[in-house]
>>> print(open('my_file38.cif').read())   # mmCIF, C-alpha atoms
data_work
#
loop_
_atom_site.label_atom_id
_atom_site.label_comp_id
_atom_site.auth_asym_id
_atom_site.auth_seq_id
_atom_site.Cartn_x
_atom_site.Cartn_y
_atom_site.Cartn_z
CA MET A 1 0.00 0.00 0.00
CA ASN A 2 1.53 3.34 -1.06
CA ASP A 3 2.06 6.20 1.38
CA LEU A 4 -0.94 8.28 0.18
CA ARG A 5 -3.30 5.31 0.41
CA GLN A 6 -2.08 4.49 3.91
CA TRP A 7 -2.37 8.11 5.05
CA THR A 8 -5.89 8.38 3.58
CA ARG A 9 -6.96 5.17 5.30
CA GLU A 10 -5.80 6.50 8.66
CA ALA A 11 -7.43 9.90 8.03
CA VAL A 12 -10.81 8.28 7.31
CA ARG A 13 -10.47 6.19 10.46
CA ILE A 14 -9.80 9.31 12.54
CA ILE A 15 -12.89 11.09 11.18
CA GLU A 16 -15.11 8.04 11.65
CA ALA A 17 -13.84 7.58 15.20
CA ASP A 18 -14.67 11.22 15.93
CA PHE A 19 -18.19 10.65 14.56
CA GLN A 20 -18.72 7.68 16.87
CA ARG A 21 -17.83 9.88 19.85
CA SER A 22 -20.56 12.38 18.91
CA ALA A 23 -24.24 12.13 19.83
CA ASP A 24 -27.10 13.14 17.56
CA THR A 25 -28.50 16.67 17.79
CA HIS A 26 -31.71 17.50 19.64
CA LEU A 27 -35.22 18.05 18.28
CA ILE A 28 -36.86 20.84 20.27
CA PRO A 29 -40.64 21.46 20.25
CA LEU A 30 -41.88 25.05 20.15
CA ALA A 31 -45.54 25.55 21.07
CA LEU A 32 -47.69 27.69 18.74
CA PRO A 33 -50.78 28.58 20.79
CA GLY A 34 -52.14 30.75 18.00
CA LEU A 35 -51.87 28.04 15.37
CA PRO A 36 -53.81 25.06 16.77
CA GLY A 37 -53.25 21.68 15.18
CA VAL A 38 -49.70 22.52 14.05
CA GLU A 39 -46.74 21.20 16.03
CA LEU A 40 -43.43 22.96 15.37
CA TYR A 41 -40.00 21.48 16.09
CA PHE A 42 -36.49 22.86 15.68
CA LYS A 43 -33.64 20.54 14.74
CA ASP A 44 -30.91 21.99 16.97
CA GLU A 45 -27.67 21.76 15.00
CA SER A 46 -25.89 24.06 17.44
CA SER A 47 -25.16 21.04 19.66
CA HIS A 48 -22.55 19.65 17.25
CA PRO A 49 -18.93 19.78 18.52
CA THR A 50 -18.26 22.89 16.39
CA GLY A 51 -21.62 24.46 17.17
CA SER A 52 -23.48 24.54 13.87
CA LEU A 53 -25.21 22.71 11.05
CA LYS A 54 -21.97 23.01 9.07
CA HIS A 55 -20.33 20.31 11.19
CA ARG A 56 -22.24 17.68 9.19
CA LEU A 57 -21.19 19.29 5.93
CA ALA A 58 -17.53 19.62 6.91
CA ARG A 59 -17.35 15.96 7.87
CA SER A 60 -18.90 14.93 4.56
CA LEU A 61 -16.62 17.25 2.56
CA PHE A 62 -13.50 15.86 4.23
CA LEU A 63 -14.55 12.26 3.64
CA TYR A 64 -15.46 13.06 0.03
CA ALA A 65 -12.13 14.77 -0.60
CA LEU A 66 -10.17 11.97 1.07
CA CYS A 67 -11.92 9.22 -0.85
CA ASN A 68 -11.39 11.12 -4.11
CA GLY A 69 -7.67 11.40 -3.38
CA TRP A 70 -7.68 15.19 -3.21
CA LEU A 71 -6.06 15.70 0.22
CA ARG A 72 -2.36 15.23 0.85
CA GLU A 73 -0.47 14.92 4.10
CA GLY A 74 0.96 18.29 5.13
CA LYS A 75 -0.80 20.25 2.35
CA PRO A 76 -3.24 23.01 3.32
CA VAL A 77 -7.02 22.89 3.02
CA ILE A 78 -8.64 26.13 1.85
CA GLU A 79 -12.32 27.05 2.13
CA ALA A 80 -14.50 30.01 1.13
CA SER A 81 -16.93 30.64 3.96
CA SER A 82 -18.88 33.21 5.95
CA GLY A 83 -17.48 31.57 9.08
CA SER A 84 -19.42 28.53 10.30
CA THR A 85 -18.19 26.08 7.64
CA ALA A 86 -14.67 27.35 8.18
CA ILE A 87 -14.93 26.72 11.92
CA SER A 88 -16.06 23.13 11.31
CA GLU A 89 -13.45 22.48 8.62
CA ALA A 90 -10.71 23.90 10.85
CA TYR A 91 -11.79 21.34 13.45
CA PHE A 92 -11.44 18.42 11.01
CA ALA A 93 -8.21 19.75 9.54
CA ARG A 94 -6.73 19.83 13.04
CA LEU A 95 -7.85 16.23 13.60
CA LEU A 96 -5.81 15.24 10.54
CA GLY A 97 -2.87 17.54 11.25
CA LEU A 98 -3.47 19.61 8.11
CA PRO A 99 -2.97 23.38 7.77
CA PHE A 100 -6.24 25.22 7.18
CA ILE A 101 -6.94 28.63 5.61
CA ALA A 102 -10.40 30.19 5.74
CA VAL A 103 -11.19 32.81 3.10
CA VAL A 104 -13.92 34.89 4.69
CA PRO A 105 -15.61 38.28 4.20
CA ALA A 106 -13.96 41.01 6.24
CA SER A 107 -17.36 41.66 7.87
CA THR A 108 -17.50 38.17 9.42
CA ALA A 109 -18.31 38.23 13.14
CA ARG A 110 -15.06 38.36 15.09
CA GLU A 111 -16.32 35.60 17.40
CA LYS A 112 -16.25 33.29 14.38
CA LEU A 113 -12.72 34.36 13.48
CA ALA A 114 -11.65 33.56 17.04
CA GLN A 115 -13.16 30.07 16.79
CA ILE A 116 -11.34 29.38 13.51
CA ALA A 117 -8.10 30.37 15.24
CA PHE A 118 -8.99 28.20 18.26
CA TYR A 119 -8.96 25.14 16.00
CA GLY A 120 -5.64 26.16 14.50
CA GLY A 121 -6.92 27.73 11.30
CA GLN A 122 -5.73 30.91 9.59
CA THR A 123 -8.11 33.53 8.19
CA HIS A 124 -7.70 35.40 4.93
CA LEU A 125 -10.06 38.40 4.97
CA VAL A 126 -11.62 39.69 1.75
CA ASP A 127 -13.31 43.09 1.59
CA ASP A 128 -15.65 42.10 -1.27
CA PRO A 129 -17.72 39.04 -0.25
CA THR A 130 -18.32 38.16 -3.89
CA ARG A 131 -14.56 37.50 -4.28
CA ILE A 132 -14.06 34.79 -1.66
CA HIS A 133 -14.37 31.96 -4.22
CA ALA A 134 -11.78 33.45 -6.58
CA GLU A 135 -9.40 34.16 -3.69
CA SER A 136 -9.73 30.56 -2.48
CA VAL A 137 -8.86 29.22 -5.92
CA ARG A 138 -5.80 31.49 -6.05
CA LEU A 139 -4.56 30.45 -2.61
CA ALA A 140 -4.99 26.75 -3.39
CA GLN A 141 -3.01 27.11 -6.61
CA GLU A 142 -0.22 29.08 -4.95
CA SER A 143 0.10 26.79 -1.92
CA GLY A 144 -0.38 23.45 -3.63
CA GLY A 145 -3.28 22.81 -1.29
CA HIS A 146 -6.88 21.78 -1.90
CA PHE A 147 -9.82 24.17 -2.20
CA MET A 148 -12.68 22.29 -0.54
CA ASP A 149 -15.34 24.39 -2.35
CA GLN A 150 -18.40 23.75 -0.21
CA PHE A 151 -20.67 25.61 -2.62
CA THR A 152 -19.96 23.13 -5.41
CA TYR A 153 -19.66 19.88 -3.49
CA ALA A 154 -22.18 20.18 -0.64
CA GLU A 155 -25.00 18.32 -2.40
CA ARG A 156 -22.83 15.49 -3.74
CA ALA A 157 -20.58 14.99 -0.70
CA THR A 158 -23.54 14.24 1.57
CA ASP A 159 -24.97 10.73 1.52
CA TRP A 160 -28.61 11.78 1.11
CA ARG A 161 -30.04 8.23 1.28
CA ALA A 162 -28.85 7.44 4.82
CA ASN A 163 -25.65 7.53 6.94
CA ASN A 164 -27.38 9.65 9.61
CA ASN A 165 -27.81 12.64 7.34
CA ILE A 166 -29.95 15.43 8.76
CA ALA A 167 -33.13 14.22 7.02
CA GLU A 168 -32.80 10.64 8.28
CA SER A 169 -32.08 11.97 11.76
CA ILE A 170 -35.22 14.14 11.74
CA PHE A 171 -37.51 11.31 10.69
CA GLN A 172 -35.99 8.93 13.24
CA GLN A 173 -36.56 11.45 16.03
CA MET A 174 -40.10 12.22 14.87
CA ARG A 175 -41.30 8.61 14.78
CA HIS A 176 -43.03 8.73 18.20
CA GLU A 177 -44.53 12.21 17.82
CA HIS A 178 -48.23 12.91 17.29
CA PHE A 179 -47.58 13.68 13.60
CA PRO A 180 -44.47 11.59 12.82
CA GLU A 181 -44.31 12.47 9.12
CA PRO A 182 -43.83 16.25 8.92
CA ALA A 183 -46.04 18.23 6.61
CA TRP A 184 -43.13 20.61 5.97
CA LEU A 185 -39.38 20.78 6.41
CA VAL A 186 -37.99 24.32 6.43
CA SER A 187 -34.39 25.31 5.77
CA SER A 188 -32.54 28.37 4.55
CA PRO A 189 -29.92 27.96 1.79
CA GLY A 190 -26.22 28.68 2.21
CA THR A 191 -24.69 26.21 -0.20
CA GLY A 192 -28.07 24.63 -0.93
CA GLY A 193 -26.75 21.27 0.22
CA THR A 194 -29.08 20.81 3.22
CA LEU A 195 -32.13 21.59 1.10
CA ALA A 196 -30.91 19.12 -1.53
CA THR A 197 -30.53 16.42 1.12
CA LEU A 198 -34.00 17.08 2.57
CA GLY A 199 -35.68 17.15 -0.84
CA ARG A 200 -33.96 14.02 -2.12
CA TYR A 201 -34.55 12.06 1.06
CA VAL A 202 -38.31 12.62 1.23
CA ARG A 203 -38.62 11.55 -2.40
CA TYR A 204 -36.42 8.51 -1.87
CA ARG A 205 -38.46 7.44 1.18
CA GLN A 206 -41.73 8.27 -0.61
CA TYR A 207 -42.93 10.69 2.05
CA ALA A 208 -45.60 13.31 1.35
CA THR A 209 -43.48 15.86 3.26
CA ARG A 210 -42.89 19.13 1.45
CA VAL A 211 -39.71 21.21 1.58
CA LEU A 212 -39.62 25.01 1.87
CA CYS A 213 -36.58 27.13 1.01
CA ALA A 214 -36.52 30.23 3.26
CA ASP A 215 -34.06 32.57 1.57
CA ALA A 216 -32.39 35.75 2.83
CA GLU A 217 -33.05 39.23 1.47
CA ARG A 218 -29.73 39.81 -0.28
CA SER A 219 -29.61 36.51 -2.14
CA VAL A 220 -30.35 35.11 -5.59
CA PHE A 221 -31.70 31.70 -4.55
CA TYR A 222 -35.33 32.84 -4.29
CA PRO A 223 -35.45 34.83 -7.56
CA SER A 224 -33.68 31.95 -9.30
CA TYR A 225 -36.28 29.51 -7.93
CA VAL A 226 -39.09 31.70 -9.27
CA SER A 227 -37.55 32.48 -12.65
CA GLY A 228 -35.55 29.32 -13.33
CA ASP A 229 -32.56 31.52 -14.21
CA ARG A 230 -29.34 30.15 -12.68
CA SER A 231 -27.24 32.99 -14.10
CA LEU A 232 -28.56 35.60 -11.65
CA THR A 233 -25.97 37.48 -9.60
CA LEU A 234 -25.78 40.27 -7.01
CA ASP A 235 -22.97 42.71 -6.35
CA CYS A 236 -23.23 42.38 -2.56
CA GLY A 237 -23.20 39.68 0.10
CA SER A 238 -25.94 38.63 2.51
CA ARG A 239 -26.31 40.38 5.88
CA ILE A 240 -27.53 37.10 7.41
CA GLU A 241 -24.29 35.20 7.93
CA GLY A 242 -24.24 31.63 6.68
CA ILE A 243 -27.16 31.91 4.25
CA GLY A 244 -27.95 33.79 1.07
CA ARG A 245 -25.54 34.02 -1.85
CA PRO A 246 -24.72 36.56 -4.60
CA ARG A 247 -24.72 33.77 -7.20
CA VAL A 248 -26.67 30.54 -7.69
CA GLU A 249 -24.37 27.86 -6.31
CA PRO A 250 -24.01 24.44 -8.00
CA SER A 251 -25.39 22.69 -4.89
CA PHE A 252 -28.72 24.55 -5.07
CA MET A 253 -31.29 22.13 -6.54
CA PRO A 254 -34.66 23.89 -6.97
CA GLN A 255 -36.20 20.84 -8.62
CA VAL A 256 -36.34 18.99 -5.29
CA LEU A 257 -38.06 21.88 -3.49
CA ASP A 258 -41.80 22.41 -3.16
CA ALA A 259 -41.90 26.12 -2.30
CA ALA A 260 -39.72 29.11 -1.48
CA CYS A 261 -39.97 32.45 0.26
CA GLN A 262 -37.66 35.42 0.72
CA VAL A 263 -37.43 36.87 4.23
CA PRO A 264 -36.43 40.51 4.78
CA ASP A 265 -33.31 40.81 6.92
CA ALA A 266 -35.11 42.83 9.60
CA LEU A 267 -37.74 40.10 9.93
CA SER A 268 -35.04 37.40 10.18
CA LEU A 269 -33.33 39.32 12.97
CA ALA A 270 -36.62 39.97 14.77
CA ALA A 271 -37.49 36.27 14.54
CA MET A 272 -34.03 35.39 15.90
CA HIS A 273 -34.69 37.57 18.96
CA TYR A 274 -38.20 36.17 19.41
CA LEU A 275 -36.97 32.57 19.12
CA ALA A 276 -34.13 33.27 21.57
CA ARG A 277 -36.70 34.56 24.06
CA ARG A 278 -38.93 31.52 23.61
CA LEU A 279 -36.03 29.06 23.97
CA ASN A 280 -34.28 31.06 26.71
CA ARG A 281 -30.99 31.01 24.81
CA ARG A 282 -29.44 32.83 21.90
CA VAL A 283 -29.71 31.48 18.36
CA GLY A 284 -28.30 32.69 15.04
CA ALA A 285 -30.09 34.88 12.51
CA SER A 286 -30.53 32.07 9.97
CA SER A 287 -32.64 30.27 12.58
CA GLY A 288 -34.81 33.38 12.61
CA THR A 289 -35.19 33.12 8.84
CA ASN A 290 -36.30 29.52 9.27
CA LEU A 291 -38.80 30.46 11.99
CA VAL A 292 -40.44 32.93 9.61
CA GLY A 293 -40.70 30.21 6.96
CA ALA A 294 -42.14 27.78 9.51
CA LEU A 295 -44.76 30.28 10.67
CA LEU A 296 -45.66 30.98 7.05
CA VAL A 297 -46.47 27.34 6.27
CA ALA A 298 -48.03 26.72 9.71
CA ARG A 299 -50.45 29.60 9.27
CA GLN A 300 -51.34 28.36 5.80
CA MET A 301 -52.03 24.90 7.22
CA VAL A 302 -54.43 26.36 9.79
CA GLN A 303 -56.21 28.39 7.12
CA ARG A 304 -56.72 25.22 5.08
CA GLY A 305 -57.91 23.21 8.04
CA GLU A 306 -54.82 20.97 7.98
CA ARG A 307 -53.17 19.41 11.02
CA GLY A 308 -49.60 18.19 11.21
CA SER A 309 -46.01 18.91 12.14
CA VAL A 310 -43.39 21.30 10.81
CA VAL A 311 -39.64 20.88 11.36
CA ALA A 312 -37.24 23.79 10.88
CA ILE A 313 -33.47 23.96 11.23
CA LEU A 314 -31.81 25.75 14.15
CA CYS A 315 -28.51 26.37 12.39
CA ASP A 316 -26.18 27.70 15.07
CA ALA A 317 -25.97 29.37 18.47
CA GLY A 318 -26.18 33.11 18.98
CA GLU A 319 -23.00 33.54 21.01
CA ARG A 320 -21.17 33.97 17.70
CA TYR A 321 -23.11 37.19 17.10
CA ALA A 322 -22.78 38.94 20.46
CA THR A 323 -21.13 41.99 18.87
CA SER A 324 -23.49 42.19 15.90
CA TYR A 325 -27.04 40.80 15.86
CA TYR A 326 -27.35 40.91 19.66
CA ASP A 327 -25.71 44.31 20.05
CA ASP A 328 -28.24 47.16 20.26
CA ALA A 329 -25.69 49.71 19.06
CA TRP A 330 -24.87 47.58 16.01
CA LEU A 331 -28.56 47.13 15.17
CA THR A 332 -29.19 50.86 15.45
CA ALA A 333 -26.18 51.65 13.26
CA GLN A 334 -27.54 49.29 10.63
CA GLY A 335 -30.92 51.01 10.75
CA PHE A 336 -32.88 48.12 12.27
CA ASP A 337 -35.89 48.73 14.52
CA LEU A 338 -36.91 45.22 15.54
CA ALA A 339 -39.48 45.84 18.28
CA PRO A 340 -42.57 46.13 16.00
CA LEU A 341 -41.53 43.05 14.03
CA ILE A 342 -40.89 41.00 17.19
CA ALA A 343 -44.39 41.93 18.34
CA ALA A 344 -45.84 40.89 14.96
CA LEU A 345 -44.12 37.51 15.12
CA ALA A 346 -45.33 36.94 18.67
CA ALA A 347 -48.87 37.82 17.57
CA CYS A 348 -48.66 35.25 14.76
CA ALA A 349 -47.25 32.43 16.90
CA GLU A 350 -49.32 33.11 19.99
CA ARG A 351 -52.58 34.55 18.61
CA GLY A 352 -52.67 33.45 14.97
CA SER A 353 -52.31 36.93 13.47
CA GLU A 354 -51.07 37.52 9.93
CA LEU A 355 -47.35 37.76 9.20
CA PRO A 356 -45.91 40.79 7.44
CA ASP A 357 -46.11 40.30 3.67
CA LEU A 358 -43.13 38.59 2.07
CA PRO A 359 -42.44 37.17 -1.39
CA CYS A 360 -43.30 33.47 -1.71
CA SER A 361 -43.79 30.93 -4.47
CA GLY A 362 -45.33 27.46 -4.50
CA LEU A 363 -47.55 27.99 -1.45
#
>>> encode(input="my_file38.cif", output="structure tokens")
Amino acid sequence: MNDLRQWTREAVRIIEADFQRSADTHLIPLALPGLPGVELYFKDESSHPTGSLKHRLARSLFLYALCNGWLREGKPVIEASSGSTAISEAYFARLLGLPFIAVVPASTAREKLAQIAFYGGQTHLVDDPTRIHAESVRLAQESGGHFMDQFTYAERATDWRANNNIAESIFQQMRHEHFPEPAWLVSSPGTGGTLATLGRYVRYRQYATRVLCADAERSVFYPSYVSGDRSLTLDCGSRIEGIGRPRVEPSFMPQVLDAACQVPDALSLAAMHYLARRLNRRVGASSGTNLVGALLVARQMVQRGERGSVVAILCDAGERYATSYYDDAWLTAQGFDLAPLIAALAACAERGSELPDLPCSGL
């Protein structure tokens, strides 16, 4: 057995051993008194070792790269990220003794940068968020390392049929609930890989469950879903870290989705604060985006006289955003007044009131 094959074999063993030491993430119910007959759950991905949904993706990307022969002992791993994927990949790179470089927007929360450094990673800051992909390619070429490229490989690196992917985990945990087969699964798109896994899995298992894409304001996923145009681009990055993209990524698969909506940033942030209050702990802004999507489909179910369950993704914890989304001075500087929107969300969840209007398709 040659040296590369032997090193790869040991690297896979190390990652699999780490997986066996990790428990599954929790499924947390959230009561909706104003929407009777609908039971809402959050799949809490913040309980992974690196604190976010991206831990699953990073593990899959490393295994995919190893089994394709793309990683080399001592050679750096490079990733383009808004922070959470980079944190998780830095963790796995450290497990394998590999250098890691995260190419991130300069606006990335400094708590995330500190976590990348904690796991031994370096950060390469880019002023223009639309340039992080090109910078990653350049660094990989110059260093002789491997650009992991989560936005291209997320949907194909994940084993969407089984192997404890997020969809299989949800359905296993739901099997003893009142409505074990969810009416809706709700997720926001970053790479698009989680949505692809959810959509493929429910089709493979022949469930009637529908999948909603809850997109961010500064993002092309929703308009691309509506128009079918994958060439759409923006000249700015998303203000909701971890989700929303200025281009349609290869891992975004609209054909496995049933509906989509686009959530204004202020509403995402308000929903984040409301959800944090209901759970008595801080969550990230993308979880707020998902709560808005969940309330949208839950209210529609009530209007149609339907009963059932809805599962949304709690992507990461809010401690990473202490100096941004949870900082009153930062919110004011950005022009956000969240109090009226928090009240509107509470009225919807607790009294069944209408949500603020937002673009949606397929509902």
>>> atom_distance(input="my_file38.cif", atom1="atom CA of Ala344 of chain A", atom2="atom CA of Phe221 of chain A")
25.8 Å
>>> atom_distance(input="my_file38.cif", atom1="atom CA of Ser268 of chain A", atom2="atom CA of Ser188 of chain A")
10.9 Å
>>> closest_residue(input="my_file38.cif", among="A:Gly305, A:Pro105, A:Pro246, A:Gly145", to="Pro76 of chain A", atoms="only C-alpha atoms")
A:Gly145
>>> residues_around(input="my_file38.cif", residues="Phe42 of chain A", least_positions_apart="5", cutoff="7 Å", atoms="all atoms listed in the file", output="VMD selection string")
chain A and resid 27 to 29 311 to 314
>>> resolve_selection(input="my_file38.cif", expression="the PyMOL selection byres ((chain A and resi 216) around 9)", output="VMD selection string")
chain A and resid 188 to 189 214 to 215 217 to 222 238 to 240 243 to 245 261 to 265 268 286 289
>>> residues_around(input="my_file38.cif", residues="Ile342 of chain A", least_positions_apart="3", cutoff="10 Å", atoms="only C-alpha atoms", output="PyMOL selection string")
chain A and resi 266-275+337-339+345-348
>>> resolve_selection(input="my_file38.cif", expression="the PyMOL selection byres ((chain A and resi 236) around 7)", output="list in words")
Pro129, Thr130, Leu234, Asp235, Gly237, Ser238 and Pro246 of chain A
>>> resolve_selection(input="my_file38.cif", expression="the PyMOL selection byres ((chain A and resi 126) around 6)", output="ChimeraX atom specification")
/A:105-106,125,127-128
>>> residues_around(input="my_file38.cif", residues="segment 293-299 of chain A", least_positions_apart="5", cutoff="9 Å", atoms="only C-alpha atoms", output="NGL selection string")
:A and (32 or 34-35 or 38-40 or 184-188 or 212-215 or 260-263 or 288 or 304 or 308-312 or 345 or 348-349 or 352-355 or 363)
>>> write_last_selection(input="my_file38.cif", atoms="C-alpha atoms", output="PDB file, in the coordinates of the input")
ATOM      1  CA  LEU A  32     -47.690  27.690  18.740  1.00  0.00           C
ATOM      2  CA  GLY A  34     -52.140  30.750  18.000  1.00  0.00           C
ATOM      3  CA  LEU A  35     -51.870  28.040  15.370  1.00  0.00           C
ATOM      4  CA  VAL A  38     -49.700  22.520  14.050  1.00  0.00           C
ATOM      5  CA  GLU A  39     -46.740  21.200  16.030  1.00  0.00           C
ATOM      6  CA  LEU A  40     -43.430  22.960  15.370  1.00  0.00           C
ATOM      7  CA  TRP A 184     -43.130  20.610   5.970  1.00  0.00           C
ATOM      8  CA  LEU A 185     -39.380  20.780   6.410  1.00  0.00           C
ATOM      9  CA  VAL A 186     -37.990  24.320   6.430  1.00  0.00           C
ATOM     10  CA  SER A 187     -34.390  25.310   5.770  1.00  0.00           C
ATOM     11  CA  SER A 188     -32.540  28.370   4.550  1.00  0.00           C
ATOM     12  CA  LEU A 212     -39.620  25.010   1.870  1.00  0.00           C
ATOM     13  CA  CYS A 213     -36.580  27.130   1.010  1.00  0.00           C
ATOM     14  CA  ALA A 214     -36.520  30.230   3.260  1.00  0.00           C
ATOM     15  CA  ASP A 215     -34.060  32.570   1.570  1.00  0.00           C
ATOM     16  CA  ALA A 260     -39.720  29.110  -1.480  1.00  0.00           C
ATOM     17  CA  CYS A 261     -39.970  32.450   0.260  1.00  0.00           C
ATOM     18  CA  GLN A 262     -37.660  35.420   0.720  1.00  0.00           C
ATOM     19  CA  VAL A 263     -37.430  36.870   4.230  1.00  0.00           C
ATOM     20  CA  GLY A 288     -34.810  33.380  12.610  1.00  0.00           C
ATOM     21  CA  ARG A 304     -56.720  25.220   5.080  1.00  0.00           C
ATOM     22  CA  GLY A 308     -49.600  18.190  11.210  1.00  0.00           C
ATOM     23  CA  SER A 309     -46.010  18.910  12.140  1.00  0.00           C
ATOM     24  CA  VAL A 310     -43.390  21.300  10.810  1.00  0.00           C
ATOM     25  CA  VAL A 311     -39.640  20.880  11.360  1.00  0.00           C
ATOM     26  CA  ALA A 312     -37.240  23.790  10.880  1.00  0.00           C
ATOM     27  CA  LEU A 345     -44.120  37.510  15.120  1.00  0.00           C
ATOM     28  CA  CYS A 348     -48.660  35.250  14.760  1.00  0.00           C
ATOM     29  CA  ALA A 349     -47.250  32.430  16.900  1.00  0.00           C
ATOM     30  CA  GLY A 352     -52.670  33.450  14.970  1.00  0.00           C
ATOM     31  CA  SER A 353     -52.310  36.930  13.470  1.00  0.00           C
ATOM     32  CA  GLU A 354     -51.070  37.520   9.930  1.00  0.00           C
ATOM     33  CA  LEU A 355     -47.350  37.760   9.200  1.00  0.00           C
ATOM     34  CA  LEU A 363     -47.550  27.990  -1.450  1.00  0.00           C
TER      35      LEU A 363
END
>>> closest_residue(input="my_file38.cif", among="A:Ala109, A:Ile132, A:Leu195, A:Cys67", to="Ala157 of chain A", atoms="only C-alpha atoms")
A:Cys67
>>> atom_distance(input="my_file38.cif", atom1="atom CA of Leu95 of chain A", atom2="atom CA of Gly120 of chain A")
10.2 Å
>>> axis_aligned_box(input="my_file38.cif", around="segment 296-302 of chain A", padding_each_side="3 Å", output="lines of an AutoDock Vina configuration file")
center_x = -50.0
center_y = 27.9
center_z = 7.8
size_x = 14.8
size_y = 12.1
size_z = 10.0
>>> closest_residue(input="my_file38.cif", among="A:Arg138, A:Arg205, A:Lys112, A:Lys75", to="Glu181 of chain A", atoms="all atoms listed in the file")
A:Arg205
>>> closest_residue(input="my_file38.cif", among="A:Arg9, A:His176, A:Arg161, A:Arg230", to="Gln206 of chain A", atoms="only C-alpha atoms")
A:Arg161
>>> closest_residue(input="my_file38.cif", among="A:Glu135, A:Asp18, A:His178, A:Tyr41", to="Asn290 of chain A", atoms="only C-alpha atoms")
A:Tyr41
>>> decode(input="my_file38.cif", residues="segment 3-16 of chain A", atoms="N, CA and C atoms", output="PDB file, in the first residue's frame")
ATOM      1  N   ASP A   3       2.145   5.301   0.241  1.00  0.00           N
ATOM      2  CA  ASP A   3       2.059   6.203   1.383  1.00  0.00           C
ATOM      3  C   ASP A   3       0.761   6.993   1.404  1.00  0.00           C
ATOM      4  N   LEU A   4       0.302   7.490   0.233  1.00  0.00           N
ATOM      5  CA  LEU A   4      -0.937   8.277   0.182  1.00  0.00           C
ATOM      6  C   LEU A   4      -2.120   7.420   0.589  1.00  0.00           C
ATOM      7  N   ARG A   5      -2.184   6.194   0.076  1.00  0.00           N
ATOM      8  CA  ARG A   5      -3.302   5.314   0.411  1.00  0.00           C
ATOM      9  C   ARG A   5      -3.320   5.018   1.911  1.00  0.00           C
ATOM     10  N   GLN A   6      -2.156   4.782   2.478  1.00  0.00           N
ATOM     11  CA  GLN A   6      -2.084   4.486   3.909  1.00  0.00           C
ATOM     12  C   GLN A   6      -2.484   5.704   4.737  1.00  0.00           C
ATOM     13  N   TRP A   7      -2.007   6.895   4.326  1.00  0.00           N
ATOM     14  CA  TRP A   7      -2.371   8.111   5.052  1.00  0.00           C
ATOM     15  C   TRP A   7      -3.873   8.363   4.960  1.00  0.00           C
ATOM     16  N   THR A   8      -4.458   8.173   3.775  1.00  0.00           N
ATOM     17  CA  THR A   8      -5.895   8.378   3.580  1.00  0.00           C
ATOM     18  C   THR A   8      -6.707   7.413   4.440  1.00  0.00           C
ATOM     19  N   ARG A   9      -6.268   6.174   4.489  1.00  0.00           N
ATOM     20  CA  ARG A   9      -6.963   5.170   5.297  1.00  0.00           C
ATOM     21  C   ARG A   9      -6.993   5.589   6.759  1.00  0.00           C
ATOM     22  N   GLU A  10      -5.876   6.074   7.277  1.00  0.00           N
ATOM     23  CA  GLU A  10      -5.802   6.502   8.663  1.00  0.00           C
ATOM     24  C   GLU A  10      -6.647   7.761   8.877  1.00  0.00           C
ATOM     25  N   ALA A  11      -6.654   8.671   7.908  1.00  0.00           N
ATOM     26  CA  ALA A  11      -7.434   9.903   8.030  1.00  0.00           C
ATOM     27  C   ALA A  11      -8.926   9.593   8.106  1.00  0.00           C
ATOM     28  N   VAL A  12      -9.399   8.676   7.271  1.00  0.00           N
ATOM     29  CA  VAL A  12     -10.813   8.283   7.307  1.00  0.00           C
ATOM     30  C   VAL A  12     -11.140   7.652   8.653  1.00  0.00           C
ATOM     31  N   ARG A  13     -10.244   6.817   9.157  1.00  0.00           N
ATOM     32  CA  ARG A  13     -10.472   6.186  10.457  1.00  0.00           C
ATOM     33  C   ARG A  13     -10.611   7.230  11.548  1.00  0.00           C
ATOM     34  N   ILE A  14      -9.761   8.256  11.520  1.00  0.00           N
ATOM     35  CA  ILE A  14      -9.796   9.305  12.537  1.00  0.00           C
ATOM     36  C   ILE A  14     -11.142  10.044  12.498  1.00  0.00           C
ATOM     37  N   ILE A  15     -11.616  10.375  11.307  1.00  0.00           N
ATOM     38  CA  ILE A  15     -12.891  11.092  11.179  1.00  0.00           C
ATOM     39  C   ILE A  15     -14.057  10.212  11.612  1.00  0.00           C
ATOM     40  N   GLU A  16     -14.037   8.948  11.254  1.00  0.00           N
ATOM     41  CA  GLU A  16     -15.112   8.039  11.652  1.00  0.00           C
ATOM     42  C   GLU A  16     -15.105   7.804  13.166  1.00  0.00           C
TER      43      GLU A  16
END
